[in-house]
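Asker: File protein_37.cif follows (mmCIF, C-alpha atoms and all ligand atoms):
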data_protein
#
loop_
_atom_site.label_atom_id
_atom_site.label_comp_id
_atom_site.auth_asym_id
_atom_site.auth_seq_id
_atom_site.Cartn_x
_atom_site.Cartn_y
_atom_site.Cartn_z
CA MET A 1 -153.45 -110.24 -346.01
CA SER A 2 -154.77 -113.72 -346.57
CA SER A 3 -156.50 -114.71 -343.33
CA VAL A 4 -158.55 -112.58 -340.96
CA LEU A 5 -160.00 -113.37 -337.56
CA GLU A 6 -162.88 -110.97 -336.92
CA ILE A 7 -163.93 -110.54 -333.31
CA ASP A 8 -167.24 -108.83 -332.69
CA LEU A 9 -166.88 -106.89 -329.44
CA GLY A 10 -170.46 -105.67 -329.82
CA ALA A 11 -171.63 -109.28 -329.77
CA ILE A 12 -169.53 -109.99 -326.66
CA VAL A 13 -171.08 -107.02 -324.87
CA SER A 14 -174.56 -108.02 -325.93
CA ASN A 15 -173.88 -111.60 -324.78
CA TRP A 16 -172.70 -110.26 -321.41
CA ARG A 17 -175.89 -108.19 -321.05
CA LEU A 18 -178.04 -111.20 -321.91
CA LEU A 19 -176.22 -113.29 -319.28
CA ARG A 20 -176.46 -110.56 -316.66
CA ASP A 21 -180.19 -110.06 -317.31
CA ARG A 22 -180.77 -113.79 -317.23
CA HIS A 23 -178.80 -114.10 -313.97
CA GLY A 24 -180.59 -111.13 -312.46
CA HIS A 25 -177.54 -110.34 -310.30
CA PRO A 26 -174.07 -108.96 -310.90
CA THR A 27 -172.16 -110.86 -313.56
CA ALA A 28 -168.43 -110.98 -314.16
CA GLY A 29 -166.38 -111.63 -317.28
CA VAL A 30 -164.00 -114.59 -317.34
CA LEU A 31 -160.99 -113.68 -319.49
CA LYS A 32 -158.61 -116.55 -318.89
CA ALA A 33 -156.43 -117.72 -321.80
CA ASP A 34 -156.41 -114.20 -323.24
CA GLY A 35 -160.20 -114.01 -323.36
CA TYR A 36 -160.61 -117.58 -324.63
CA GLY A 37 -158.08 -116.83 -327.32
CA LEU A 38 -159.90 -113.80 -328.72
CA GLY A 39 -157.99 -110.93 -327.08
CA GLY A 40 -158.13 -110.21 -323.36
CA VAL A 41 -157.30 -106.50 -323.45
CA GLU A 42 -159.81 -105.62 -326.18
CA ILE A 43 -162.56 -107.66 -324.53
CA ALA A 44 -161.84 -106.36 -321.03
CA THR A 45 -161.94 -102.78 -322.29
CA ALA A 46 -165.28 -103.32 -324.03
CA LEU A 47 -166.89 -105.10 -321.09
CA TYR A 48 -165.65 -102.53 -318.59
CA ALA A 49 -167.10 -99.72 -320.71
CA ALA A 50 -170.42 -101.62 -320.70
CA GLY A 51 -170.48 -101.71 -316.90
CA CYS A 52 -168.85 -105.04 -316.09
CA CYS A 53 -166.65 -104.55 -313.03
CA HIS A 54 -165.54 -108.06 -312.03
CA PHE A 55 -162.99 -110.02 -314.05
CA PHE A 56 -161.33 -113.40 -313.71
CA THR A 57 -158.13 -114.71 -315.24
CA ALA A 58 -156.27 -117.96 -314.64
CA HIS A 59 -152.70 -116.66 -314.56
CA LEU A 60 -151.33 -113.71 -312.65
CA SER A 61 -149.52 -112.49 -315.78
CA GLU A 62 -152.90 -112.20 -317.54
CA ALA A 63 -154.30 -110.15 -314.67
CA VAL A 64 -151.30 -107.82 -314.65
CA THR A 65 -151.75 -107.23 -318.39
CA LEU A 66 -155.41 -106.32 -317.91
CA ARG A 67 -155.02 -104.09 -314.83
CA PRO A 68 -154.17 -100.82 -316.68
CA HIS A 69 -157.36 -101.24 -318.76
CA LEU A 70 -159.67 -101.96 -315.86
CA SER A 71 -159.19 -99.03 -313.51
CA ASP A 72 -160.71 -100.02 -310.15
CA ALA A 73 -162.53 -103.20 -311.27
CA MET A 74 -162.04 -106.40 -309.30
CA ILE A 75 -159.58 -108.75 -310.97
CA CYS A 76 -159.37 -112.23 -309.53
CA VAL A 77 -156.63 -114.73 -310.38
CA LEU A 78 -158.14 -118.21 -310.25
CA HIS A 79 -154.71 -119.83 -309.85
CA GLY A 80 -154.39 -118.04 -306.52
CA VAL A 81 -151.15 -117.23 -304.73
CA GLY A 82 -148.29 -119.01 -306.48
CA PRO A 83 -144.75 -119.06 -305.10
CA GLY A 84 -143.28 -115.56 -305.29
CA ASP A 85 -146.59 -113.98 -306.40
CA VAL A 86 -147.44 -111.91 -303.32
CA GLU A 87 -145.56 -108.72 -304.30
CA THR A 88 -147.11 -108.65 -307.77
CA LEU A 89 -150.62 -109.39 -306.52
CA VAL A 90 -150.41 -106.57 -303.98
CA ALA A 91 -148.72 -104.10 -306.33
CA HIS A 92 -151.49 -104.48 -308.95
CA ASP A 93 -154.37 -104.81 -306.50
CA ILE A 94 -155.31 -108.27 -307.73
CA ALA A 95 -157.41 -110.62 -305.62
CA PRO A 96 -156.32 -114.27 -305.62
CA ALA A 97 -158.85 -117.08 -305.38
CA LEU A 98 -157.47 -118.86 -302.32
CA SER A 99 -157.68 -122.55 -303.16
CA THR A 100 -155.61 -124.30 -300.50
CA PHE A 101 -155.25 -123.99 -296.74
CA GLY A 102 -151.64 -122.93 -297.28
CA GLU A 103 -152.68 -120.06 -299.54
CA VAL A 104 -155.07 -118.74 -296.90
CA ILE A 105 -152.24 -118.72 -294.37
CA ALA A 106 -149.76 -117.15 -296.80
CA TRP A 107 -152.19 -114.41 -297.88
CA ASN A 108 -153.14 -113.62 -294.29
CA GLU A 109 -149.44 -113.33 -293.41
CA ALA A 110 -148.90 -111.06 -296.40
CA GLY A 111 -151.65 -108.81 -295.05
CA ALA A 112 -150.18 -108.87 -291.55
CA THR A 113 -146.76 -107.86 -292.91
CA ARG A 114 -148.32 -104.91 -294.76
CA GLY A 115 -150.57 -103.91 -291.91
CA ARG A 116 -153.80 -104.10 -293.90
CA ALA A 117 -156.42 -106.58 -295.03
CA LEU A 118 -155.72 -107.83 -298.56
CA PRO A 119 -158.60 -108.71 -300.93
CA ALA A 120 -159.23 -112.35 -301.82
CA LEU A 121 -161.89 -114.85 -302.83
CA LEU A 122 -162.19 -118.22 -301.10
CA HIS A 123 -162.58 -121.15 -303.49
CA VAL A 124 -164.50 -124.05 -301.97
CA ASP A 125 -164.31 -127.47 -303.64
CA THR A 126 -167.83 -128.90 -303.79
CA GLY A 127 -167.10 -131.74 -306.19
CA MET A 128 -164.62 -130.84 -308.91
CA ASN A 129 -161.72 -132.27 -306.89
CA ARG A 130 -159.31 -130.04 -308.68
CA THR A 131 -158.90 -126.75 -306.84
CA GLY A 132 -160.54 -125.28 -303.76
CA LEU A 133 -160.59 -126.05 -300.06
CA SER A 134 -162.55 -129.12 -299.09
CA PRO A 135 -165.60 -128.56 -296.91
CA ALA A 136 -163.62 -130.12 -294.02
CA GLU A 137 -160.82 -127.60 -294.51
CA VAL A 138 -163.37 -124.80 -294.63
CA ALA A 139 -164.81 -126.06 -291.35
CA ALA A 140 -161.34 -125.88 -289.80
CA LEU A 141 -160.90 -122.19 -290.69
CA THR A 142 -161.29 -119.63 -287.90
CA ASP A 143 -161.64 -115.85 -287.85
CA GLU A 144 -157.94 -115.76 -287.02
CA HIS A 145 -157.11 -117.09 -290.49
CA PHE A 146 -158.86 -114.07 -292.05
CA ARG A 147 -157.65 -111.35 -289.69
CA HIS A 148 -155.69 -109.68 -292.52
CA ILE A 149 -157.86 -110.79 -295.43
CA ARG A 150 -160.76 -108.86 -296.95
CA LEU A 151 -162.94 -111.68 -298.19
CA LEU A 152 -164.79 -110.45 -301.31
CA TYR A 153 -166.60 -113.66 -302.28
CA VAL A 154 -166.89 -117.30 -301.37
CA MET A 155 -166.96 -119.21 -304.65
CA THR A 156 -167.24 -122.70 -306.08
CA HIS A 157 -167.28 -124.14 -309.59
CA LEU A 158 -169.90 -126.49 -311.06
CA VAL A 159 -168.79 -129.80 -312.57
CA SER A 160 -171.67 -130.53 -314.96
CA ALA A 161 -173.58 -127.28 -315.37
CA ASP A 162 -174.12 -128.01 -319.08
CA ASP A 163 -176.25 -131.02 -318.13
CA PRO A 164 -179.37 -129.88 -316.25
CA ALA A 165 -180.15 -133.52 -315.42
CA ALA A 166 -176.86 -134.06 -313.56
CA ALA A 167 -177.57 -134.82 -309.89
CA LEU A 168 -174.26 -133.22 -308.99
CA ASN A 169 -175.60 -129.72 -309.73
CA LEU A 170 -177.96 -129.78 -306.78
CA ALA A 171 -175.47 -131.62 -304.55
CA GLN A 172 -172.84 -128.96 -305.22
CA LYS A 173 -175.32 -126.18 -304.56
CA VAL A 174 -176.22 -127.70 -301.18
CA ARG A 175 -172.55 -128.22 -300.20
CA PHE A 176 -171.77 -124.69 -301.29
CA ALA A 177 -174.60 -123.20 -299.23
CA ALA A 178 -173.33 -125.10 -296.19
CA ALA A 179 -169.77 -123.82 -296.67
CA ALA A 180 -170.89 -120.26 -297.38
CA ALA A 181 -173.00 -120.21 -294.21
CA LYS A 182 -169.74 -120.08 -292.29
CA PHE A 183 -169.12 -116.61 -293.74
CA PRO A 184 -172.27 -114.62 -293.06
CA GLY A 185 -172.35 -111.35 -294.94
CA VAL A 186 -169.74 -112.45 -297.49
CA PRO A 187 -171.20 -112.52 -301.03
CA THR A 188 -171.20 -115.75 -303.01
CA SER A 189 -170.17 -116.65 -306.56
CA LEU A 190 -171.49 -119.83 -308.15
CA ALA A 191 -172.60 -120.11 -311.78
CA ASN A 192 -170.40 -120.29 -314.89
CA SER A 193 -172.02 -119.78 -318.33
CA SER A 194 -174.21 -122.89 -318.23
CA GLY A 195 -174.92 -122.50 -314.51
CA ILE A 196 -176.78 -119.26 -315.29
CA PHE A 197 -179.28 -121.33 -317.27
CA LEU A 198 -179.88 -123.84 -314.47
CA GLY A 199 -182.48 -121.52 -312.98
CA ALA A 200 -182.88 -119.06 -310.14
CA ASP A 201 -181.70 -121.64 -307.58
CA PHE A 202 -178.24 -121.29 -309.04
CA ALA A 203 -178.15 -117.50 -308.84
CA SER A 204 -175.53 -115.95 -306.56
CA ASP A 205 -174.03 -112.54 -305.92
CA LEU A 206 -171.67 -112.93 -308.88
CA ALA A 207 -171.94 -115.23 -311.89
CA ARG A 208 -168.71 -116.05 -313.72
CA PRO A 209 -169.47 -116.73 -317.40
CA GLY A 210 -166.67 -117.25 -319.90
CA ALA A 211 -167.53 -119.38 -322.91
CA ALA A 212 -171.02 -117.95 -323.49
CA LEU A 213 -169.58 -114.43 -323.76
CA TYR A 214 -167.65 -115.69 -326.76
CA GLY A 215 -170.63 -117.29 -328.45
CA VAL A 216 -170.23 -120.89 -327.25
CA ASN A 217 -173.64 -122.41 -326.54
CA PRO A 218 -174.21 -122.59 -322.75
CA THR A 219 -177.34 -124.69 -323.33
CA PRO A 220 -176.14 -127.60 -325.50
CA TRP A 221 -179.53 -129.28 -325.06
CA THR A 222 -181.26 -126.52 -327.04
CA ALA A 223 -180.67 -123.67 -329.49
CA ASN A 224 -177.78 -121.33 -328.80
CA PRO A 225 -179.09 -118.09 -327.22
CA MET A 226 -175.74 -116.34 -327.68
CA ARG A 227 -174.59 -114.20 -330.60
CA PRO A 228 -171.63 -115.57 -332.57
CA VAL A 229 -168.45 -113.63 -331.86
CA ALA A 230 -165.61 -115.06 -333.92
CA ARG A 231 -165.41 -115.28 -337.68
CA LEU A 232 -162.35 -116.69 -339.40
CA ARG A 233 -161.95 -116.07 -343.11
CA ALA A 234 -159.15 -117.00 -345.48
CA ARG A 235 -158.46 -116.29 -349.13
CA ILE A 236 -158.05 -118.96 -351.75
CA MET A 237 -154.31 -118.93 -352.49
CA ALA A 238 -154.20 -121.62 -355.17
CA LEU A 239 -156.63 -123.54 -357.42
CA ARG A 240 -156.04 -126.66 -359.44
CA ASP A 241 -158.15 -129.20 -361.34
CA VAL A 242 -157.12 -132.75 -360.59
CA PRO A 243 -158.30 -135.74 -362.63
CA ALA A 244 -159.83 -138.86 -361.10
CA GLY A 245 -157.22 -140.97 -359.30
CA THR A 246 -155.08 -138.01 -358.17
CA GLY A 247 -153.96 -137.89 -354.53
CA VAL A 248 -153.98 -134.57 -352.68
CA GLY A 249 -151.82 -133.58 -349.71
CA TYR A 250 -149.59 -135.60 -347.37
CA ASP A 251 -149.69 -139.36 -347.79
CA HIS A 252 -152.23 -138.88 -350.57
CA GLN A 253 -154.64 -139.74 -347.84
CA TRP A 254 -157.44 -138.45 -350.12
CA VAL A 255 -157.65 -139.49 -353.76
CA ALA A 256 -160.05 -137.85 -356.22
CA ALA A 257 -162.86 -140.20 -357.25
CA GLN A 258 -163.65 -137.94 -360.18
CA SER A 259 -162.28 -134.81 -361.74
CA THR A 260 -162.16 -132.28 -358.87
CA ARG A 261 -161.32 -128.63 -358.40
CA ILE A 262 -159.12 -128.14 -355.33
CA ALA A 263 -158.65 -124.80 -353.55
CA THR A 264 -155.80 -124.28 -351.09
CA LEU A 265 -156.29 -122.02 -348.04
CA PRO A 266 -153.61 -120.59 -345.71
CA VAL A 267 -154.92 -122.17 -342.50
CA GLY A 268 -153.44 -125.23 -340.80
CA TYR A 269 -153.13 -127.08 -337.55
CA ALA A 270 -150.49 -124.61 -336.33
CA ASP A 271 -153.33 -122.06 -336.45
CA GLY A 272 -155.59 -124.23 -334.33
CA TYR A 273 -157.37 -125.88 -337.23
CA HIS A 274 -157.29 -129.35 -335.70
CA ARG A 275 -155.57 -131.98 -337.86
CA VAL A 276 -158.42 -134.39 -337.24
CA LEU A 277 -160.76 -132.08 -339.21
CA GLY A 278 -159.28 -133.26 -342.52
CA GLY A 279 -161.97 -135.25 -344.33
CA ARG A 280 -164.61 -134.17 -341.79
CA ALA A 281 -165.17 -130.41 -341.80
CA ASP A 282 -166.35 -127.97 -344.45
CA VAL A 283 -165.41 -124.45 -345.45
CA SER A 284 -168.07 -122.06 -346.71
CA VAL A 285 -167.27 -120.67 -350.16
CA ASP A 286 -169.76 -118.18 -351.52
CA GLY A 287 -172.36 -119.64 -349.13
CA ARG A 288 -171.75 -123.25 -350.23
CA LEU A 289 -170.21 -125.84 -347.93
CA CYS A 290 -167.06 -127.31 -349.48
CA PRO A 291 -165.45 -130.35 -347.83
CA VAL A 292 -161.92 -130.23 -346.47
CA VAL A 293 -160.16 -133.03 -348.35
CA GLY A 294 -156.82 -134.63 -347.60
CA ARG A 295 -154.68 -134.04 -344.55
CA VAL A 296 -154.70 -130.76 -342.72
CA SER A 297 -151.11 -129.48 -343.01
CA MET A 298 -149.32 -127.24 -340.54
CA ASP A 299 -150.15 -124.11 -342.55
CA LEU A 300 -152.57 -125.20 -345.27
CA ILE A 301 -155.83 -126.97 -345.97
CA THR A 302 -157.24 -128.14 -349.28
CA ILE A 303 -160.95 -128.02 -350.06
CA ASP A 304 -163.12 -129.39 -352.85
CA VAL A 305 -164.67 -126.40 -354.66
CA THR A 306 -165.94 -128.33 -357.69
CA ASP A 307 -169.49 -127.13 -356.91
CA VAL A 308 -168.44 -123.46 -356.87
CA PRO A 309 -167.23 -122.92 -360.45
CA ALA A 310 -166.87 -119.17 -359.94
CA ALA A 311 -164.35 -119.61 -357.09
CA ALA A 312 -161.16 -117.72 -357.93
CA ILE A 313 -157.78 -117.11 -356.38
CA GLY A 314 -158.10 -114.32 -353.82
CA ASP A 315 -161.73 -115.08 -352.93
CA TRP A 316 -162.58 -115.05 -349.23
CA CYS A 317 -163.90 -118.26 -347.66
CA GLU A 318 -165.42 -118.72 -344.21
CA VAL A 319 -163.57 -121.23 -342.03
CA ILE A 320 -165.46 -120.37 -338.81
CA GLY A 321 -168.53 -118.16 -338.59
CA PRO A 322 -172.29 -118.14 -339.13
CA ASP A 323 -172.09 -120.89 -341.78
CA ILE A 324 -169.53 -122.96 -339.85
CA PRO A 325 -170.35 -122.60 -336.15
CA VAL A 326 -167.66 -123.22 -333.54
CA GLU A 327 -169.87 -125.98 -332.11
CA ARG A 328 -169.94 -127.92 -335.35
CA LEU A 329 -166.17 -127.85 -335.73
CA ALA A 330 -165.88 -128.88 -332.08
CA ALA A 331 -168.17 -131.86 -332.56
CA LEU A 332 -166.29 -132.94 -335.68
CA ALA A 333 -162.96 -132.63 -333.88
CA GLY A 334 -164.21 -134.52 -330.83
CA THR A 335 -163.74 -131.54 -328.53
CA ASN A 336 -165.70 -128.53 -327.26
CA GLY A 337 -166.05 -124.96 -328.45
CA TYR A 338 -163.70 -123.82 -325.69
CA GLU A 339 -160.80 -125.75 -327.19
CA ILE A 340 -161.55 -124.59 -330.74
CA LEU A 341 -161.49 -120.92 -329.68
CA THR A 342 -158.49 -121.11 -327.37
CA SER A 343 -156.50 -123.00 -330.03
CA LEU A 344 -156.90 -120.28 -332.68
CA GLY A 345 -153.44 -119.15 -333.60
CA ARG A 346 -151.67 -115.83 -333.41
CA ARG A 347 -150.93 -115.63 -337.13
CA PHE A 348 -154.30 -114.38 -338.30
CA HIS A 349 -154.72 -110.70 -338.91
CA ARG A 350 -157.17 -109.69 -336.18
CA VAL A 351 -159.96 -107.21 -336.67
CA TYR A 352 -162.07 -106.01 -333.75
CA ARG A 353 -165.51 -104.66 -334.48
CA GLY A 354 -166.67 -101.88 -332.22
CA ALA A 355 -168.62 -102.51 -329.03
C1 LIG B 401 -163.35 -121.23 -316.63
C2 LIG B 401 -164.06 -120.93 -315.36
C3 LIG B 401 -165.27 -120.24 -315.39
C4 LIG B 401 -166.00 -119.90 -316.68
O1 LIG B 401 -166.58 -121.07 -317.17
P1 LIG B 401 -167.43 -121.09 -318.54
O2 LIG B 401 -167.90 -122.48 -318.63
O3 LIG B 401 -166.45 -120.75 -319.62
O4 LIG B 401 -168.49 -120.09 -318.41
C5 LIG B 401 -165.84 -119.89 -314.18
N1 LIG B 401 -165.26 -120.22 -313.01
C6 LIG B 401 -164.08 -120.91 -312.95
C7 LIG B 401 -163.51 -121.27 -311.63
C8 LIG B 401 -163.47 -121.30 -314.13
O5 LIG B 401 -162.32 -121.99 -314.07
#
Could you express the structure from this file as structure tokens?
Ligand SMILES: *Cc1c(COP(=O)(O)O)cnc(C)c1O
Answerer:
Amino acid sequence: MSSVLEIDLGAIVSNWRLLRDRHGHPTAGVLKADGYGLGGVEIATALYAAGCCHFFTAHLSEAVTLRPHLSDAMICVLHGVGPGDVETLVAHDIAPALSTFGEVIAWNEAGATRGRALPALLHVDTGMNRTGLSPAEVAALTDEHFRHIRLLYVMTHLVSADDPAAALNLAQKVRFAAAAAKFPGVPTSLANSSGIFLGADFASDLARPGAALYGVNPTPWTANPMRPVARLRARIMALRDVPAGTGVGYDHQWVAAQSTRIATLPVGYADGYHRVLGGRADVSVDGRLCPVVGRVSMDLITIDVTDVPAAAIGDWCEVIGPDIPVERLAALAGTNGYEILTSLGRRFHRVYRGA
């Protein structure tokens, strides 16, 4: 075994508790993209055992996979009712987030056909302009549209929650309150991870954090309050000393300026280690940061371990973890922590630490 992705379920549970306490109201777990790439079933099982009873996925297939592990918890599919999805949604007791007028009509008809009200959330678009019914469409809805729907929550999604100064936050909140007023007695769902930190005004009956559960900083303007969750380690598989003037890797894009010790690690862009990180990121070897030199290959990276003379073949190095936070890699790759986590490949041996 030469590369291991450790996922700390205890840290995920403790992050969920922190978010729930901070929110002061019920708090869900967002598990789309297989729990942000870290393992939907394992994470769902741990969160459910800790008392979380509302879950969100993007795809129906993800929800169906989780259902046997979540007993009677609410599972909502954010992608809603796709063509041909009704049977599966009903069979697995999954609530779609209804995001278009047509979906409301289709879901209501599905309930009428089955002679019972089917559970759903109503997604209102308050500014993302991506999914959700517009406020005008919401205004056009009547009781008749919901005759066979059991509306669990009215929800919306914040555009810029990670920027407390964004004027849109308040505007969305106001639009959401106006839309939700049409459904008295129906609970609301507003904040994502960062939204929880926008203050009590952004509290609702159900927060929907994803990224922060997995250790991504929901407050980029200040220190990360979350515990790190993912740690990726790889063993040195080869070592060589190259004299000054020697090129390393594809295109010899990096050339040694002086005699250099190069270690090769079994991690590459096919594993989600972004190609752009070559020449930018570091790997932690024995607590020292060693630069990634040369191109990132599909399955390999090369690092400069000249400053760690004791480094030997078989030694473990940290590629992501306490020394190399997800955020730093994200900044170096010109992306966010979400993309770093969800890109992590399937080839690492995965180890789950107990909740
Ligand atoms: C992804 C998503 C979330 C979770 O967002 P985070 O920023 O990861 O906390 C919540 N609600 C909706 C609709 C989403 O698509």
Asker: What is the distance, in Å and to one decimal place, between atom CA of Ser14 of chain A and atom CA of Arg227 of chain A?
Answerer: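 Straight-line distance from atom CA of Ser14 of chain A to atom CA of Arg227 of chain A works out to 7.7 Å.
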Asker: Determine, counting only C-alpha atoms, which protein, DNA and RNA residues have an atom within 12 Å of an atom of Gly24 of chain A; residues of the same chain fewer than 6 positions away are not included. Present the result as number ranges by chain.
Answerer: A: 16-18, 196-197, 199-207
Asker: Give the residue list for ligand LIG 401 (chain B) at 9 Å, counting all atoms listed in the file, as a ChimeraX atom specification, sorted by chain and then by residue number.
Answerer: /A:29-32,36,56-58,78-79,97,123,131,155-158,161-162,189-196,207-214,216,218,338
Asker: Using only C-alpha atoms, which of the listed residues (A:Tyr250, A:Pro322, A:Val77, A:Ser259) sits closest to Val283 of chain A?
Answerer: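 Comparing A:Tyr250, A:Pro322, A:Val77, A:Ser259 against Val283 of chain A, the winner is A:Pro322.
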Asker: Sort by chain and increasing residue number a table of all residues of segment 5-92 of chain A within 10 Å of segment 98-118 of chain A, each with its closest pair of atoms and their distance in Å to one decimal, counting all atoms listed in the file, and write it as CSV.
Answerer:
residue,atom,partner,partner_atom,distance
A:Cys76,CA,A:Leu98,CA,10.0
A:Val77,CA,A:Leu98,CA,9.1
A:Leu78,CA,A:Leu98,CA,8.0
A:His79,CA,A:Ser99,CA,7.8
A:Gly80,CA,A:Leu98,CA,5.3
A:Val81,CA,A:Glu103,CA,6.1
A:Gly82,CA,A:Glu103,CA,8.3
A:Pro83,CA,A:Glu103,CA,9.7
A:Val86,CA,A:Ala110,CA,7.1
A:Glu87,CA,A:Ala110,CA,8.9
A:Leu89,CA,A:Leu118,CA,9.6
A:Val90,CA,A:Leu118,CA,7.7
Asker: Could you check the closest approach to Thr27 of chain A for each of A:Gly247, A:Gly10, A:Gly51, A:Gly215 and tell me which residue wins, using all atoms listed in the file?
Answerer: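 Once distances to Thr27 of chain A are computed over all atoms listed in the file, the minimum belongs to A:Gly51.
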Asker: Could you extract segment 152-159 of chain A of the given structure into a file holding all heavy atoms, as a CSV table (one decimal), in the first residue's frame?
Answerer:
chain,number,residue,atom,x,y,z
A,152,LEU,N,-42.3,19.7,3.1
A,152,LEU,CA,-41.5,19.6,4.3
A,152,LEU,C,-40.8,20.9,4.6
A,152,LEU,O,-40.7,21.3,5.8
A,152,LEU,CB,-40.5,18.5,4.1
A,152,LEU,CG,-41.0,17.1,3.7
A,152,LEU,CD1,-39.9,16.1,3.6
A,152,LEU,CD2,-42.0,16.6,4.8
A,153,TYR,N,-40.3,21.5,3.6
A,153,TYR,CA,-39.5,22.8,3.8
A,153,TYR,C,-39.7,23.6,2.5
A,153,TYR,O,-39.8,23.1,1.4
A,153,TYR,CB,-38.0,22.6,4.0
A,153,TYR,CG,-37.7,21.9,5.3
A,153,TYR,CD1,-37.6,20.5,5.3
A,153,TYR,CD2,-37.5,22.6,6.4
A,153,TYR,CE1,-37.4,19.8,6.5
A,153,TYR,CE2,-37.2,22.0,7.6
A,153,TYR,CZ,-37.1,20.6,7.7
A,153,TYR,OH,-36.9,20.0,8.9
A,154,VAL,N,-39.7,24.9,2.7
A,154,VAL,CA,-39.4,25.9,1.6
A,154,VAL,C,-37.9,26.2,1.8
A,154,VAL,O,-37.5,26.6,2.9
A,154,VAL,CB,-40.3,27.1,1.7
A,154,VAL,CG1,-40.0,28.1,0.6
A,154,VAL,CG2,-41.7,26.8,1.8
A,155,MET,N,-37.2,26.2,0.7
A,155,MET,CA,-35.7,26.4,0.8
A,155,MET,C,-35.2,27.4,-0.3
A,155,MET,O,-35.9,27.6,-1.3
A,155,MET,CB,-34.9,25.1,0.7
A,155,MET,CG,-35.1,24.4,-0.7
A,155,MET,SD,-34.0,23.0,-0.9
A,155,MET,CE,-32.5,23.9,-1.5
A,156,THR,N,-34.1,28.0,0.0
A,156,THR,CA,-33.4,28.7,-1.0
A,156,THR,C,-31.9,28.6,-0.8
A,156,THR,O,-31.5,28.0,0.3
A,156,THR,CB,-33.8,30.2,-1.1
A,156,THR,OG1,-33.3,30.8,-2.3
A,156,THR,CG2,-33.2,31.0,0.1
A,157,HIS,N,-31.1,29.1,-1.7
A,157,HIS,CA,-29.6,28.8,-1.6
A,157,HIS,C,-28.9,30.2,-1.7
A,157,HIS,O,-29.2,30.9,-2.7
A,157,HIS,CB,-29.2,27.8,-2.6
A,157,HIS,CG,-27.8,27.3,-2.4
A,157,HIS,ND1,-27.3,27.0,-1.2
A,157,HIS,CD2,-26.8,26.9,-3.3
A,157,HIS,CE1,-26.0,26.5,-1.3
A,157,HIS,NE2,-25.7,26.5,-2.6
A,158,LEU,N,-28.0,30.5,-0.8
A,158,LEU,CA,-27.3,31.8,-0.9
A,158,LEU,C,-26.2,31.8,-1.9
A,158,LEU,O,-25.4,30.8,-2.1
A,158,LEU,CB,-26.7,32.1,0.5
A,158,LEU,CG,-27.8,32.3,1.6
A,158,LEU,CD1,-27.1,32.3,3.0
A,158,LEU,CD2,-28.6,33.6,1.4
A,159,VAL,N,-26.0,32.9,-2.6
A,159,VAL,CA,-25.1,33.1,-3.6
A,159,VAL,C,-23.6,33.4,-3.1
A,159,VAL,O,-22.6,32.8,-3.6
A,159,VAL,CB,-25.5,34.3,-4.6
A,159,VAL,CG1,-24.4,34.6,-5.6
A,159,VAL,CG2,-26.8,33.9,-5.2
